[in-house]
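Coordinates from start33.txt are shown below (compact mmCIF, C-alpha atoms).
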```txt
# COMPACT_ATOMS: atom_id res chain seq x y z
CA MET A 313 24.62 -28.48 0.54
CA ILE A 314 23.69 -27.48 4.09
CA GLU A 315 20.56 -26.30 5.88
CA ILE A 316 20.53 -24.02 8.92
CA THR A 317 17.82 -22.42 11.04
CA ILE A 318 17.75 -18.85 12.35
CA PRO A 319 15.40 -18.40 15.33
CA LEU A 320 12.90 -15.57 15.04
CA ARG A 321 11.28 -13.74 17.94
CA SER A 322 8.03 -12.84 16.20
CA HIS A 323 6.01 -12.98 13.01
CA ASP A 324 7.03 -9.36 12.37
CA GLU A 325 10.66 -10.48 12.13
CA ALA A 326 9.70 -12.99 9.43
CA ILE A 327 7.99 -10.18 7.52
CA LEU A 328 11.05 -7.96 7.99
CA VAL A 329 13.42 -10.56 6.48
CA LEU A 330 11.18 -12.05 3.78
CA GLY A 331 9.60 -8.75 2.76
CA PRO A 332 6.22 -7.93 1.19
CA TYR A 333 5.29 -10.61 -1.34
CA ASP A 334 8.61 -12.35 -0.48
CA ARG A 335 10.47 -9.44 -2.14
CA PHE A 336 13.50 -9.63 0.16
CA ALA A 337 13.60 -13.41 -0.04
CA LYS A 338 13.78 -13.13 -3.83
CA LEU A 339 16.60 -10.62 -3.46
CA LEU A 340 18.59 -13.10 -1.35
CA ARG A 341 17.90 -15.91 -3.80
CA GLN A 342 19.18 -13.78 -6.67
CA ALA A 343 22.28 -12.56 -4.82
CA LEU A 344 23.14 -15.97 -3.34
CA ASP A 345 22.37 -19.47 -4.59
CA ILE A 346 20.15 -20.39 -1.63
CA GLU A 347 16.61 -21.20 -0.62
CA VAL A 348 15.10 -19.11 2.18
CA TYR A 349 11.72 -19.67 3.80
CA ALA A 350 9.88 -19.51 7.13
CA ARG A 351 9.04 -22.74 8.95
CA GLY A 352 7.76 -23.30 12.46
CA GLY A 353 8.37 -19.72 13.51
CA ASN A 354 11.99 -19.84 12.35
CA LEU A 355 13.86 -18.93 9.19
CA CYS A 356 15.43 -21.74 7.16
CA LEU A 357 18.37 -21.33 4.78
CA LYS A 358 19.43 -24.08 2.38
CA GLY A 359 22.27 -24.10 -0.14
CA GLY A 360 26.03 -24.19 -0.50
CA THR A 361 28.08 -23.64 2.65
CA VAL A 362 29.61 -20.31 1.58
CA ASP A 363 26.31 -18.84 0.34
CA VAL A 364 24.32 -19.97 3.37
CA GLU A 365 26.90 -18.53 5.78
CA GLN A 366 26.91 -15.26 3.85
CA ALA A 367 23.09 -15.10 3.94
CA LYS A 368 23.13 -15.91 7.66
CA ARG A 369 25.49 -13.00 8.37
CA ARG A 370 23.34 -10.57 6.39
CA ILE A 371 20.08 -11.68 8.04
CA GLU A 372 21.59 -11.55 11.54
CA HIS A 373 22.94 -8.08 10.75
CA LEU A 374 19.43 -6.98 9.74
CA LEU A 375 17.80 -8.58 12.77
CA GLY A 376 20.42 -7.07 15.06
CA LYS A 377 19.63 -3.55 13.87
CA SER A 378 15.89 -4.15 14.23
CA ARG A 379 16.22 -5.61 17.73
CA LYS A 380 18.13 -2.53 18.84
CA GLY A 381 15.14 -0.42 17.89
CA ARG A 382 16.56 0.91 14.62
CA GLN A 383 13.89 2.10 12.17
CA LEU A 384 14.84 0.55 8.81
CA ASP A 385 13.46 1.77 5.52
CA LEU A 386 13.04 -0.31 2.37
CA ARG A 387 16.31 0.76 0.73
CA GLU A 388 18.36 0.05 3.85
CA ILE A 389 16.89 -3.45 4.22
CA GLU A 390 17.62 -4.19 0.57
CA ALA A 391 21.16 -2.84 0.91
CA ILE A 392 21.86 -5.10 3.89
CA LEU A 393 20.44 -8.23 2.26
CA ALA A 394 22.20 -7.49 -1.04
CA GLY A 395 25.52 -7.12 0.80
CA ALA A 396 25.87 -3.41 0.12
CA GLY A 397 26.49 -2.46 3.73
CA GLY A 398 23.13 -1.08 4.79
CA ASP A 399 24.18 2.46 5.66
CA VAL A 400 21.45 4.10 3.64
CA ARG A 401 19.50 6.52 5.82
CA SER A 402 15.72 6.80 5.90
CA GLY A 403 14.28 9.54 3.80
CA GLY A 404 17.36 10.12 1.66
CA GLY A 405 17.46 10.70 -2.01
CA GLY A 406 15.02 13.58 -2.16
CA PRO A 407 12.10 13.74 -4.55
CA MET A 408 12.25 12.18 -7.97
CA PRO A 409 13.42 14.74 -10.51
CA PRO A 410 10.71 16.16 -12.75
CA VAL A 411 10.07 14.06 -15.82
CA SER A 412 10.20 15.29 -19.37
CA SER A 413 7.05 16.04 -21.32
CA GLU A 414 7.97 14.79 -24.77
CA GLY A 415 5.53 12.65 -26.65
CA SER A 416 1.79 12.18 -26.59
CA GLU A 417 -0.79 9.60 -27.48
CA GLY A 418 -3.81 11.50 -28.72
CA HIS A 419 -5.93 13.96 -26.81
CA HIS A 420 -6.55 12.00 -23.59
CA PHE A 421 -3.18 10.39 -22.95
CA GLY A 422 0.38 11.62 -22.62
CA THR A 423 3.61 9.63 -22.32
CA ARG A 424 6.10 10.59 -19.63
CA PRO A 425 9.45 8.74 -19.56
CA PHE A 426 11.70 8.72 -16.50
CA HIS A 427 14.68 6.76 -15.25
CA THR A 428 14.53 4.38 -12.32
CA LYS A 429 17.49 3.69 -10.02
CA SER A 430 18.38 0.70 -12.21
CA ARG A 431 18.62 3.09 -15.18
CA THR A 432 15.72 1.48 -17.03
CA VAL A 433 13.32 3.88 -18.69
CA VAL A 434 9.66 3.65 -17.75
CA THR A 435 7.03 5.46 -19.79
CA PHE A 436 3.92 6.71 -18.07
CA ARG A 437 0.72 6.81 -20.05
CA GLU A 438 -1.39 9.12 -17.92
CA ARG A 439 -5.13 9.12 -18.36
CA ALA A 440 -6.79 12.47 -17.76
CA ILE A 441 -9.16 12.02 -14.81
CA GLU A 442 -11.65 14.80 -14.12
CA PRO A 443 -14.00 15.08 -11.11
CA ARG A 444 -17.54 14.05 -11.98
CA ASN A 445 -19.39 15.81 -9.15
CA GLU A 446 -18.92 18.43 -6.46
CA SER A 447 -17.74 15.94 -3.82
CA GLN A 448 -15.05 14.58 -6.13
CA ARG A 449 -13.95 18.14 -6.92
CA ARG A 450 -13.56 18.96 -3.19
CA TYR A 451 -11.77 15.64 -2.64
CA LYS A 452 -9.28 16.40 -5.41
CA GLU A 453 -8.69 19.94 -4.12
CA MET A 454 -7.95 18.56 -0.65
CA MET A 455 -5.44 16.09 -2.11
CA ASP A 456 -3.80 18.94 -4.04
CA GLU A 457 -3.42 21.09 -0.92
CA LEU A 458 -3.23 18.91 2.22
CA PRO A 459 -0.73 16.24 3.37
CA LEU A 460 -3.42 14.04 5.03
CA VAL A 461 -6.88 13.49 3.56
CA PHE A 462 -9.71 11.16 4.59
CA GLY A 463 -12.15 10.14 1.86
CA ILE A 464 -15.11 8.38 3.46
CA GLY A 465 -18.59 7.35 2.43
CA ALA A 466 -20.64 5.25 0.09
CA ALA A 467 -19.28 2.58 -2.21
CA GLY A 468 -18.81 3.46 -5.86
CA THR A 469 -18.04 7.15 -5.31
CA GLY A 470 -14.48 7.00 -6.66
CA LYS A 471 -12.65 7.44 -3.35
CA THR A 472 -9.89 4.90 -4.05
CA TYR A 473 -9.76 5.42 -7.80
CA LEU A 474 -9.25 9.18 -7.52
CA ALA A 475 -6.62 8.70 -4.82
CA VAL A 476 -4.67 6.27 -7.02
CA SER A 477 -5.01 8.65 -9.98
CA GLN A 478 -3.73 11.54 -7.84
CA ALA A 479 -0.80 9.41 -6.66
CA VAL A 480 0.21 8.42 -10.20
CA ARG A 481 -0.02 12.06 -11.27
CA SER A 482 2.08 13.22 -8.31
CA MET A 483 4.74 10.60 -8.94
CA ARG A 484 4.87 11.38 -12.66
CA ARG A 485 5.40 15.08 -11.91
CA GLY A 486 8.14 14.43 -9.39
CA GLY A 487 6.17 15.41 -6.31
CA VAL A 488 6.91 12.06 -4.66
CA ARG A 489 9.42 9.28 -5.31
CA ARG A 490 7.13 6.30 -4.92
CA LEU A 491 3.58 5.08 -4.41
CA VAL A 492 2.62 2.81 -1.50
CA ILE A 493 -0.90 1.35 -1.36
CA THR A 494 -2.01 -0.78 1.55
CA ARG A 495 -5.15 -2.28 3.02
CA PRO A 496 -5.97 -4.48 6.01
CA VAL A 497 -6.37 -8.17 5.21
CA VAL A 498 -9.83 -8.90 6.62
CA GLU A 499 -12.29 -11.53 5.41
CA ALA A 500 -15.53 -9.92 4.25
CA GLY A 501 -17.93 -11.97 6.34
CA GLU A 502 -16.62 -15.29 5.06
CA HIS A 503 -14.23 -17.80 6.55
CA LEU A 504 -11.94 -18.66 3.66
CA GLY A 505 -9.85 -21.18 5.58
CA PHE A 506 -6.53 -22.37 4.20
CA LEU A 507 -5.50 -20.79 0.92
CA PRO A 508 -2.96 -22.73 -1.20
CA GLY A 509 0.15 -21.22 -2.74
CA ASP A 510 2.95 -18.94 -1.62
CA LEU A 511 2.47 -15.72 0.36
CA GLN A 512 1.79 -13.59 -2.71
CA GLN A 513 -0.85 -16.01 -4.00
CA LYS A 514 -2.57 -16.02 -0.60
CA LEU A 515 -2.71 -12.22 -0.47
CA ASN A 516 -3.65 -11.56 -4.11
CA PRO A 517 -7.45 -11.85 -3.58
CA TYR A 518 -7.31 -9.15 -0.90
CA MET A 519 -5.17 -6.78 -2.97
CA ARG A 520 -6.99 -7.36 -6.28
CA PRO A 521 -9.21 -4.23 -6.09
CA ILE A 522 -6.13 -2.01 -5.82
CA TYR A 523 -4.59 -3.61 -8.89
CA ASP A 524 -7.85 -3.11 -10.79
CA ALA A 525 -7.48 0.65 -10.30
CA LEU A 526 -3.78 0.60 -11.21
CA PHE A 527 -4.40 -1.42 -14.38
CA ASP A 528 -7.01 1.12 -15.44
CA LEU A 529 -4.48 3.94 -15.05
CA LEU A 530 -1.26 2.21 -16.15
CA ASP A 531 -0.62 -0.45 -18.73
CA PRO A 532 0.54 -3.82 -17.27
CA GLU A 533 4.12 -3.52 -18.55
CA THR A 534 4.57 -0.10 -16.97
CA LEU A 535 3.10 -1.30 -13.68
CA MET A 536 5.43 -4.30 -13.65
CA GLN A 537 8.46 -2.09 -14.31
CA LEU A 538 7.47 0.30 -11.54
CA GLU A 539 6.99 -2.54 -9.06
CA GLU A 540 10.31 -4.12 -9.98
CA ALA A 541 11.99 -0.73 -9.44
CA ASN A 542 10.25 -0.45 -6.03
CA LEU A 543 8.49 2.71 -7.19
CA ILE A 544 5.06 1.17 -6.63
CA GLU A 545 4.39 -1.07 -3.65
CA VAL A 546 1.09 -2.81 -2.94
CA ALA A 547 1.15 -4.56 0.41
CA PRO A 548 -1.01 -5.57 3.38
CA LEU A 549 -1.23 -3.17 6.30
CA ALA A 550 0.80 -5.53 8.53
CA TYR A 551 3.88 -4.78 6.40
CA MET A 552 3.75 -1.09 7.31
CA ARG A 553 4.73 -1.59 10.97
CA GLY A 554 8.11 -0.16 11.93
CA ARG A 555 8.60 1.72 8.66
CA THR A 556 9.02 5.42 7.86
CA LEU A 557 7.43 6.29 4.52
CA SER A 558 9.28 9.36 3.26
CA ASN A 559 8.82 11.13 -0.09
CA SER A 560 5.92 8.81 -0.84
CA PHE A 561 2.25 8.99 -1.76
CA VAL A 562 0.63 6.53 0.64
CA ILE A 563 -2.94 5.25 0.35
CA LEU A 564 -4.74 3.23 3.02
CA ASP A 565 -7.75 1.59 1.39
CA GLU A 566 -10.69 -0.13 3.17
CA ALA A 567 -9.71 1.77 6.30
CA GLN A 568 -12.99 0.91 8.03
CA ASN A 569 -11.45 -2.53 8.62
CA THR A 570 -8.55 -1.19 10.68
CA THR A 571 -8.57 -1.36 14.45
CA MET A 572 -7.81 1.78 16.45
CA GLY A 573 -4.27 0.51 17.07
CA GLN A 574 -3.69 -0.26 13.39
CA MET A 575 -4.90 3.19 12.37
CA LYS A 576 -2.55 4.90 14.82
CA MET A 577 0.32 2.69 13.60
CA PHE A 578 -0.41 3.57 9.97
CA LEU A 579 -0.80 7.33 10.45
CA THR A 580 2.48 7.52 12.36
CA ARG A 581 4.36 5.96 9.40
CA MET A 582 4.12 9.29 7.57
CA GLY A 583 7.59 10.63 6.78
CA GLU A 584 9.09 13.82 5.38
CA GLY A 585 7.79 14.85 1.97
CA SER A 586 4.92 12.33 2.01
CA GLN A 587 1.21 12.61 1.35
CA VAL A 588 -1.33 10.23 2.88
CA VAL A 589 -4.89 9.47 1.74
CA VAL A 590 -7.17 7.24 3.83
CA THR A 591 -10.30 5.84 2.17
CA GLY A 592 -13.13 3.76 3.55
CA ASP A 593 -16.84 3.15 3.89
CA PRO A 594 -17.85 2.97 7.58
CA SER A 595 -21.08 1.17 6.63
CA GLN A 596 -19.13 -1.84 5.31
CA ASN A 597 -17.16 -2.75 8.42
CA ASP A 598 -15.97 -6.39 8.43
CA LEU A 599 -14.35 -6.32 11.87
CA PRO A 600 -15.66 -8.52 14.71
CA ARG A 601 -18.61 -6.93 16.51
CA ASN A 602 -16.66 -6.22 19.67
CA VAL A 603 -13.83 -4.41 17.83
CA ARG A 604 -14.15 -0.67 17.21
CA SER A 605 -13.09 0.57 13.79
CA GLY A 606 -10.11 2.90 13.69
CA LEU A 607 -11.58 5.01 10.86
CA PRO A 608 -14.38 6.91 12.65
CA ASP A 609 -12.16 7.14 15.72
CA ALA A 610 -9.36 8.80 13.73
CA ILE A 611 -11.76 11.23 12.05
CA GLN A 612 -13.25 12.18 15.41
CA ARG A 613 -9.79 12.86 16.82
CA LEU A 614 -8.28 14.65 13.81
CA ARG A 615 -11.11 16.50 12.05
CA GLY A 616 -10.46 20.24 11.96
CA GLN A 617 -6.74 20.04 12.65
CA GLU A 618 -4.41 21.99 10.37
CA GLY A 619 -3.19 20.05 7.34
CA ILE A 620 -5.93 17.41 7.60
CA GLY A 621 -9.01 17.22 5.37
CA VAL A 622 -12.12 15.03 5.53
CA CYS A 623 -14.26 14.60 2.42
CA GLU A 624 -17.56 12.75 2.91
CA PHE A 625 -19.36 11.07 0.01
CA SER A 626 -23.06 10.14 -0.10
CA ALA A 627 -25.30 7.99 -2.29
CA ASP A 628 -25.76 11.03 -4.55
CA ASP A 629 -22.05 10.87 -5.43
CA VAL A 630 -22.05 7.28 -6.75
CA VAL A 631 -20.46 7.07 -10.21
CA ARG A 632 -20.81 3.33 -10.85
CA HIS A 633 -23.90 1.76 -12.39
CA PRO A 634 -27.01 3.90 -11.70
CA LEU A 635 -28.49 1.06 -9.64
CA VAL A 636 -25.62 1.26 -7.14
CA SER A 637 -26.88 4.60 -5.85
CA ARG A 638 -30.33 3.10 -5.23
CA ILE A 639 -28.78 0.06 -3.55
CA VAL A 640 -26.72 2.27 -1.22
CA ARG A 641 -29.84 4.20 -0.22
CA ALA A 642 -31.81 0.98 0.32
CA TYR A 643 -29.15 -0.30 2.73
CA GLN A 644 -28.86 2.91 4.74
CA PRO A 645 -29.69 2.06 8.37
CA ARG A 646 -33.16 2.79 9.73
CA PRO A 647 -34.12 2.99 13.41
CA GLN A 648 -36.06 -0.28 13.27
CA ASP A 649 -33.14 -2.22 11.76
CA PRO A 650 -31.40 -4.52 14.31
CA GLU A 651 -27.95 -3.50 13.03
CA SER A 652 -28.68 0.21 12.54
CA SER A 653 -26.40 1.20 15.41
CA GLY A 654 -23.35 0.02 13.42
CA ARG A 655 -20.06 -1.05 14.93
```

Write-out of the structure in structure tokens:
Amino acid sequence: MIEITIPLRSHDEAILVLGPYDRFAKLLRQALDIEVYARGGNLCLKGGTVDVEQAKRRIEHLLGKSRKGRQLDLREIEAILAGAGGDVRSGGGGPMPPVSSEGSEGHHFGTRPFHTKSRTVVTFRERAIEPRNESQRRYKEMMDELPLVFGIGAAGTGKTYLAVSQAVRSMRRGGVRRLVITRPVVEAGEHLGFLPGDLQQKLNPYMRPIYDALFDLLDPETLMQLEEANLIEVAPLAYMRGRTLSNSFVILDEAQNTTMGQMKMFLTRMGEGSQVVVTGDPSQNDLPRNVRSGLPDAIQRLRGQEGIGVCEFSADDVVRHPLVSRIVRAYQPRPQDPESSGR
């Protein structure tokens, strides 16, 4: 049993090697009988001599490519860490083949089986989601027709839910290969301090709203299978840096909490064959007061450009509890309010 340390140049390199929710670390643990974790800004490997040396070679190979400026996609990283060579090119594979339409579960649900790369069969149970007002109808039409759509406005208007539903539908029909949902990790006006547990347990509270929408559209077993097959990825915005998201349906949720730099980084991740939906409520900005939100800035820069749509929702479009619409109106800024100028 030996333990070695691999120096890292930045936190981003730790994310690159360990992966979202420690996905790549788990891959290494499965492929080689080792422990791998970050400590003091470095990467630590512990296990048998042969396995540790093998893991060290794979990690240094990965870091070497990254440090040379190579853009690495998810499959290439996994191939390198699994010892498969790492020659997979970004954007390969093409769209997922159309799925069959056999089977149904009553009037509102249909089952749609398809094969993942690991040859397991996953069955989609798609819930029929219909727009409930004119704004939702326009929003859905934009997502049907445009590669980049901004859905902005009041809470409870279905911005995120409809985007997730559209993504599941697109993936089921073979329009995209995978679904990527991300959001910035920002505390909503509270200082939570140290959170116990591993990386996934620390991030779960921030990503919970996304899973709530997914669980309403997919049964838990299907969602777990899709995540294990890397067909659905839910990850913090920081994990998007340096990636090219090709043949994917990508959703940025809570976009009002992105900085201008983060928004530019995210929008430039868009790869061939991908669709991007950005959702947010500018009135619920949790950024520090001296930091400008990247959401209104992006809309100001991009509104009206070809291939880009902006759908704005108001208090009249709220589809949650009837009181939510009244609450939204009550909190709309007035000239005499000290915070009416926003951020």

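The space between CA of Asp609 (chain A) and CA of Met572 (chain A) spans 6.9 Å.
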
Please measure the separation of CA of Ser322 (chain A) and CA of Gly352 (chain A), giving the value in Å to one decimal. 11.1 Å

Of the candidates A:Leu557, A:Val488, A:Val497, A:Ala475, which one gets nearest to Leu386 (chain A) if we count all atoms listed in the file?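 Using all atoms listed in the file, Leu386 (chain A) sits closest to A:Leu557.
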
With a distance cut-off of 12 Å and only C-alpha atoms, select the neighbouring residues of Tyr451 (chain A), excluding the residue or stretch itself and same-chain residues fewer than 5 positions from it, and output the selection as a ChimeraX atom specification. /A:442-446,456-458,460-465,469-475,478,589-591,620-625,629

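Put simply, CA of Cys356 (chain A) is 8.8 Å away from CA of Pro319 (chain A).
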
For Pro548 (chain A), list every protein, DNA or RNA residue within 8 Å, evaluated using all atoms listed in the file, and leave out those in the same chain fewer than 2 positions away; present the list as an NGL selection string. :A and (332 or 494-497 or 515 or 519 or 546 or 550-552)

So that I have them on file, write out the residues from the current selection with C-alpha atoms, as a CSV table (one decimal), in the frame of the given file.
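As written to disk, result.csv reads:
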```csv
chain,number,residue,atom,x,y,z
A,332,PRO,CA,6.2,-7.9,1.2
A,494,THR,CA,-2.0,-0.8,1.6
A,495,ARG,CA,-5.2,-2.3,3.0
A,496,PRO,CA,-6.0,-4.5,6.0
A,497,VAL,CA,-6.4,-8.2,5.2
A,515,LEU,CA,-2.7,-12.2,-0.5
A,519,MET,CA,-5.2,-6.8,-3.0
A,546,VAL,CA,1.1,-2.8,-2.9
A,550,ALA,CA,0.8,-5.5,8.5
A,551,TYR,CA,3.9,-4.8,6.4
A,552,MET,CA,3.8,-1.1,7.3
```

Would you list the residues near (10.2, 17.0, 3.0), meaning any protein, DNA or RNA residue with an atom at most 8 Å from that point in file coordinates, counting all atoms listed in the file, as a count of residues only? 7

I need the residue nearest Arg555 (chain A) from this list: A:Leu614, A:Leu543, A:Leu384, A:Val631. Use only C-alpha atoms for the distance.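 Under the stated criterion, the closest residue is A:Leu384.
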
Which residues are close to Arg638 (chain A), i.e. within 12 Å by only C-alpha atoms, leaving aside same-chain residues fewer than 6 positions away? Reply as a short mmCIF file (atom, residue, chain, number, x, y, z; two decimals) with C-alpha atoms, in the frame of the given file.
```
data_model
loop_
_atom_site.label_atom_id
_atom_site.label_comp_id
_atom_site.auth_asym_id
_atom_site.auth_seq_id
_atom_site.Cartn_x
_atom_site.Cartn_y
_atom_site.Cartn_z
CA ALA A 466 -20.64 5.25 0.09
CA ALA A 467 -19.28 2.58 -2.21
CA GLY A 468 -18.81 3.46 -5.86
CA SER A 626 -23.06 10.14 -0.10
CA ALA A 627 -25.30 7.99 -2.29
CA ASP A 628 -25.76 11.03 -4.55
CA ASP A 629 -22.05 10.87 -5.43
CA VAL A 630 -22.05 7.28 -6.75
CA VAL A 631 -20.46 7.07 -10.21
CA ARG A 632 -20.81 3.33 -10.85
CA GLN A 644 -28.86 2.91 4.74
#
```

Given the choices A:Val480, A:Leu529, A:Val636, A:Leu344, which gets closest to Thr361 (chain A) if the distance is worked out from all atoms listed in the file? A:Leu344

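Remark: for Thr317 (chain A), the closest of the candidate residues A:Met455, A:Leu340, A:Lys358, A:Asp345 is A:Lys358 (distances computed over only C-alpha atoms).
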
Take region 482-501 of chain A, bring it up to N, CA and C atoms, and give me the output as a PDB file, keeping the file's coordinate frame.
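Writing the result to selection-v2.pdb gives the following:
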```
ATOM      1  N   SER A 482       1.053  12.604  -9.160  1.00  0.00           N
ATOM      2  CA  SER A 482       2.080  13.220  -8.310  1.00  0.00           C
ATOM      3  C   SER A 482       3.445  12.589  -8.553  1.00  0.00           C
ATOM      4  N   MET A 483       3.469  11.272  -8.714  1.00  0.00           N
ATOM      5  CA  MET A 483       4.740  10.600  -8.940  1.00  0.00           C
ATOM      6  C   MET A 483       5.300  10.957 -10.330  1.00  0.00           C
ATOM      7  N   ARG A 484       4.426  11.032 -11.313  1.00  0.00           N
ATOM      8  CA  ARG A 484       4.870  11.380 -12.660  1.00  0.00           C
ATOM      9  C   ARG A 484       5.488  12.775 -12.698  1.00  0.00           C
ATOM     10  N   ARG A 485       4.928  13.691 -11.903  1.00  0.00           N
ATOM     11  CA  ARG A 485       5.400  15.080 -11.910  1.00  0.00           C
ATOM     12  C   ARG A 485       6.557  15.318 -10.962  1.00  0.00           C
ATOM     13  N   GLY A 486       6.993  14.277 -10.266  1.00  0.00           N
ATOM     14  CA  GLY A 486       8.140  14.430  -9.390  1.00  0.00           C
ATOM     15  C   GLY A 486       7.820  14.917  -8.002  1.00  0.00           C
ATOM     16  N   GLY A 487       6.527  14.961  -7.647  1.00  0.00           N
ATOM     17  CA  GLY A 487       6.170  15.410  -6.310  1.00  0.00           C
ATOM     18  C   GLY A 487       6.541  14.405  -5.235  1.00  0.00           C
ATOM     19  N   VAL A 488       6.515  13.129  -5.571  1.00  0.00           N
ATOM     20  CA  VAL A 488       6.910  12.060  -4.660  1.00  0.00           C
ATOM     21  C   VAL A 488       7.772  11.063  -5.425  1.00  0.00           C
ATOM     22  N   ARG A 489       8.541  10.265  -4.673  1.00  0.00           N
ATOM     23  CA  ARG A 489       9.420   9.280  -5.310  1.00  0.00           C
ATOM     24  C   ARG A 489       8.720   7.973  -5.598  1.00  0.00           C
ATOM     25  N   ARG A 490       7.737   7.612  -4.754  1.00  0.00           N
ATOM     26  CA  ARG A 490       7.130   6.300  -4.920  1.00  0.00           C
ATOM     27  C   ARG A 490       5.689   6.312  -4.426  1.00  0.00           C
ATOM     28  N   LEU A 491       4.976   5.260  -4.785  1.00  0.00           N
ATOM     29  CA  LEU A 491       3.580   5.080  -4.410  1.00  0.00           C
ATOM     30  C   LEU A 491       3.467   3.824  -3.560  1.00  0.00           C
ATOM     31  N   VAL A 492       2.851   3.949  -2.395  1.00  0.00           N
ATOM     32  CA  VAL A 492       2.620   2.810  -1.500  1.00  0.00           C
ATOM     33  C   VAL A 492       1.117   2.713  -1.257  1.00  0.00           C
ATOM     34  N   ILE A 493       0.524   1.578  -1.584  1.00  0.00           N
ATOM     35  CA  ILE A 493      -0.900   1.350  -1.360  1.00  0.00           C
ATOM     36  C   ILE A 493      -1.055   0.145  -0.458  1.00  0.00           C
ATOM     37  N   THR A 494      -1.856   0.309   0.596  1.00  0.00           N
ATOM     38  CA  THR A 494      -2.010  -0.780   1.550  1.00  0.00           C
ATOM     39  C   THR A 494      -3.462  -0.897   1.972  1.00  0.00           C
ATOM     40  N   ARG A 495      -3.807  -2.059   2.474  1.00  0.00           N
ATOM     41  CA  ARG A 495      -5.150  -2.280   3.020  1.00  0.00           C
ATOM     42  C   ARG A 495      -5.082  -3.407   4.037  1.00  0.00           C
ATOM     43  N   PRO A 496      -5.956  -3.384   5.040  1.00  0.00           N
ATOM     44  CA  PRO A 496      -5.970  -4.480   6.010  1.00  0.00           C
ATOM     45  C   PRO A 496      -6.495  -5.759   5.365  1.00  0.00           C
ATOM     46  N   VAL A 497      -5.922  -6.874   5.727  1.00  0.00           N
ATOM     47  CA  VAL A 497      -6.370  -8.170   5.210  1.00  0.00           C
ATOM     48  C   VAL A 497      -7.429  -8.708   6.159  1.00  0.00           C
ATOM     49  N   VAL A 498      -8.697  -8.482   5.799  1.00  0.00           N
ATOM     50  CA  VAL A 498      -9.830  -8.900   6.620  1.00  0.00           C
ATOM     51  C   VAL A 498     -10.829  -9.617   5.733  1.00  0.00           C
ATOM     52  N   GLU A 499     -11.296 -10.779   6.176  1.00  0.00           N
ATOM     53  CA  GLU A 499     -12.290 -11.530   5.410  1.00  0.00           C
ATOM     54  C   GLU A 499     -13.629 -10.818   5.479  1.00  0.00           C
ATOM     55  N   ALA A 500     -14.274 -10.662   4.330  1.00  0.00           N
ATOM     56  CA  ALA A 500     -15.530  -9.920   4.250  1.00  0.00           C
ATOM     57  C   ALA A 500     -16.712 -10.816   4.601  1.00  0.00           C
ATOM     58  N   GLY A 501     -16.797 -11.185   5.886  1.00  0.00           N
ATOM     59  CA  GLY A 501     -17.930 -11.970   6.340  1.00  0.00           C
ATOM     60  C   GLY A 501     -17.873 -13.432   5.978  1.00  0.00           C
TER      61      GLY A 501
END
```
